[in-house]
Every structure is written in structure tokens, then in C-alpha cells.
Amino acid sequence: MTETLSVAGYGSDPRACRQWQQQLVPEAIGTAVWAHQVGDADFEAQGRRMIARALAKEGTDA
């Protein structure tokens, strides 16, 4: 429900925009690198999952 209300506040889903998708890769890399630098293995693993998902979406129109 929170997601639906948030999207309604934007007027449309901002995640559908190509620009949003292009931001996912650097955000994911930054997450993984920062977590590695501070020694947070769990958060680094999250960043690596984010990278994999972002790159998988790069080849689609999503």
C-alpha cells in the first residue's frame, strides 16, 4: 500500500523512466564499494545483488 501511495504522489511510477534505470548501476556500485571499504560484508553483498539486478535490467526496456 505504501508503494502505491508513493507512486500516486509522483503521478506516475518514476522507476519506469530510462533515466531511473541508468542510475541503478552507479548507485549499486557505490553501495558495494562503500560497504567493502568499511568492512560491512552483509551490506557489500546487498550492493553486489543490486549490481546484478541493475545489469540484468540494462538489456531490457524496463
# chains A, B, ... in the order shown; residues from 1 in each chain; ligands from 1

$ residues_around --residues "stretch 20-32 of chain A" --least-positions-apart "6" --cutoff "9 Å" --atoms "only C-alpha atoms" --output "list in words"
Pro14, Phe43, Glu44, Ala45, Gln46, Gly47, Arg48, Arg49, Met50, Ile51, Ala52, Arg53, Ala54, Leu55, Lys57, Glu58 and Ala62 of chain A

$ select_by_dssp --residues "chain A" --states "alpha helix (DSSP H)" --output "ChimeraX atom specification"
/A:2-10,18-38,41-58

$ write_last_selection --atoms "N, CA and C atoms" --output "CSV table (one decimal), in the first residue's frame"
chain,number,residue,atom,x,y,z
A,2,THR,N,1.9,1.2,0.8
A,2,THR,CA,2.8,2.4,0.8
A,2,THR,C,3.4,2.7,-0.6
A,3,GLU,N,3.8,1.6,-1.3
A,3,GLU,CA,4.3,1.8,-2.6
A,3,GLU,C,3.3,2.5,-3.5
A,4,THR,N,2.1,2.0,-3.5
A,4,THR,CA,1.0,2.5,-4.3
A,4,THR,C,0.8,4.0,-4.0
A,5,LEU,N,0.7,4.3,-2.8
A,5,LEU,CA,0.5,5.7,-2.4
A,5,LEU,C,1.7,6.6,-2.8
A,6,SER,N,2.9,6.1,-2.7
A,6,SER,CA,4.1,6.9,-3.1
A,6,SER,C,4.1,7.1,-4.6
A,7,VAL,N,3.8,6.1,-5.4
A,7,VAL,CA,3.7,6.3,-6.8
A,7,VAL,C,2.6,7.2,-7.2
A,8,ALA,N,1.5,7.2,-6.5
A,8,ALA,CA,0.4,8.1,-6.8
A,8,ALA,C,0.8,9.5,-6.5
A,9,GLY,N,1.7,9.7,-5.5
A,9,GLY,CA,2.1,11.1,-5.2
A,9,GLY,C,3.0,11.6,-6.3
A,10,TYR,N,3.7,10.8,-7.1
A,10,TYR,CA,4.5,11.2,-8.2
A,10,TYR,C,3.7,11.5,-9.5
A,18,ARG,N,13.7,5.6,-18.2
A,18,ARG,CA,15.0,5.1,-18.6
A,18,ARG,C,16.1,5.7,-17.8
A,19,GLN,N,16.0,7.0,-17.4
A,19,GLN,CA,17.0,7.7,-16.6
A,19,GLN,C,17.1,7.0,-15.2
A,20,TRP,N,16.0,6.6,-14.7
A,20,TRP,CA,16.0,5.9,-13.4
A,20,TRP,C,16.8,4.6,-13.5
A,21,GLN,N,16.6,3.9,-14.5
A,21,GLN,CA,17.3,2.6,-14.7
A,21,GLN,C,18.8,2.9,-14.9
A,22,GLN,N,19.2,3.9,-15.6
A,22,GLN,CA,20.6,4.2,-15.8
A,22,GLN,C,21.3,4.6,-14.5
A,23,GLN,N,20.5,5.1,-13.5
A,23,GLN,CA,21.1,5.5,-12.2
A,23,GLN,C,21.3,4.3,-11.3
A,24,LEU,N,20.7,3.2,-11.6
A,24,LEU,CA,20.8,2.0,-10.7
A,24,LEU,C,22.2,1.4,-10.7
A,25,VAL,N,22.9,1.4,-11.8
A,25,VAL,CA,24.3,0.9,-11.9
A,25,VAL,C,25.2,1.6,-11.0
A,26,PRO,N,25.4,2.9,-11.2
A,26,PRO,CA,26.3,3.6,-10.3
A,26,PRO,C,25.9,3.6,-8.8
A,27,GLU,N,24.6,3.7,-8.5
A,27,GLU,CA,24.2,3.6,-7.1
A,27,GLU,C,24.6,2.2,-6.5
A,28,ALA,N,24.4,1.2,-7.3
A,28,ALA,CA,24.7,-0.2,-6.8
A,28,ALA,C,26.2,-0.3,-6.6
A,29,ILE,N,27.0,0.2,-7.5
A,29,ILE,CA,28.5,0.1,-7.4
A,29,ILE,C,28.9,0.9,-6.2
A,30,GLY,N,28.4,2.1,-6.0
A,30,GLY,CA,28.7,2.9,-4.8
A,30,GLY,C,28.4,2.2,-3.5
A,31,THR,N,27.3,1.5,-3.5
A,31,THR,CA,26.9,0.8,-2.3
A,31,THR,C,27.9,-0.3,-2.0
A,32,ALA,N,28.2,-1.1,-3.0
A,32,ALA,CA,29.2,-2.2,-2.8
A,32,ALA,C,30.6,-1.7,-2.4
A,33,VAL,N,31.0,-0.7,-3.1
A,33,VAL,CA,32.4,-0.2,-2.8
A,33,VAL,C,32.4,0.4,-1.4
A,34,TRP,N,31.5,1.2,-1.0
A,34,TRP,CA,31.5,1.8,0.3
A,34,TRP,C,31.5,0.7,1.4
A,35,ALA,N,30.6,-0.2,1.2
A,35,ALA,CA,30.4,-1.3,2.2
A,35,ALA,C,31.7,-2.1,2.3
A,36,HIS,N,32.4,-2.3,1.2
A,36,HIS,CA,33.7,-3.0,1.2
A,36,HIS,C,34.7,-2.2,2.0
A,37,GLN,N,34.7,-0.9,1.8
A,37,GLN,CA,35.7,0.0,2.4
A,37,GLN,C,35.5,0.0,3.9
A,38,VAL,N,34.3,-0.1,4.4
A,38,VAL,CA,34.1,0.0,5.8
A,38,VAL,C,34.0,-1.4,6.5
A,41,ALA,N,30.3,-6.7,5.4
A,41,ALA,CA,30.1,-7.8,4.4
A,41,ALA,C,28.7,-8.0,4.0
A,42,ASP,N,27.7,-7.8,4.9
A,42,ASP,CA,26.3,-8.0,4.5
A,42,ASP,C,25.8,-6.9,3.6
A,43,PHE,N,26.2,-5.7,3.9
A,43,PHE,CA,25.8,-4.6,3.0
A,43,PHE,C,26.5,-4.6,1.7
A,44,GLU,N,27.8,-5.1,1.7
A,44,GLU,CA,28.5,-5.3,0.4
A,44,GLU,C,27.8,-6.4,-0.5
A,45,ALA,N,27.3,-7.4,0.2
A,45,ALA,CA,26.6,-8.5,-0.6
A,45,ALA,C,25.3,-7.9,-1.1
A,46,GLN,N,24.6,-7.0,-0.4
A,46,GLN,CA,23.5,-6.3,-0.9
A,46,GLN,C,23.8,-5.5,-2.1
A,47,GLY,N,24.9,-4.8,-2.1
A,47,GLY,CA,25.4,-4.0,-3.2
A,47,GLY,C,25.6,-4.8,-4.4
A,48,ARG,N,26.2,-6.0,-4.2
A,48,ARG,CA,26.5,-6.9,-5.3
A,48,ARG,C,25.2,-7.4,-5.9
A,49,ARG,N,24.2,-7.7,-5.1
A,49,ARG,CA,22.9,-8.1,-5.6
A,49,ARG,C,22.3,-7.0,-6.4
A,50,MET,N,22.4,-5.7,-5.9
A,50,MET,CA,21.9,-4.6,-6.6
A,50,MET,C,22.6,-4.4,-8.0
A,51,ILE,N,23.9,-4.7,-8.1
A,51,ILE,CA,24.6,-4.6,-9.3
A,51,ILE,C,24.1,-5.6,-10.3
A,52,ALA,N,23.9,-6.9,-9.8
A,52,ALA,CA,23.4,-7.9,-10.7
A,52,ALA,C,22.0,-7.6,-11.3
A,53,ARG,N,21.1,-7.1,-10.4
A,53,ARG,CA,19.8,-6.7,-10.9
A,53,ARG,C,19.8,-5.6,-11.8
A,54,ALA,N,20.7,-4.6,-11.5
A,54,ALA,CA,20.7,-3.4,-12.4
A,54,ALA,C,21.3,-3.8,-13.8
A,55,LEU,N,22.3,-4.6,-13.8
A,55,LEU,CA,22.8,-5.0,-15.1
A,55,LEU,C,21.9,-5.9,-15.9
A,56,ALA,N,21.1,-6.7,-15.2
A,56,ALA,CA,20.1,-7.6,-15.8
A,56,ALA,C,19.0,-6.7,-16.5
A,57,LYS,N,18.7,-5.6,-15.9
A,57,LYS,CA,17.7,-4.7,-16.4
A,57,LYS,C,18.2,-3.8,-17.6
A,58,GLU,N,19.6,-3.6,-17.6
A,58,GLU,CA,20.1,-2.8,-18.7
A,58,GLU,C,19.8,-3.3,-20.1
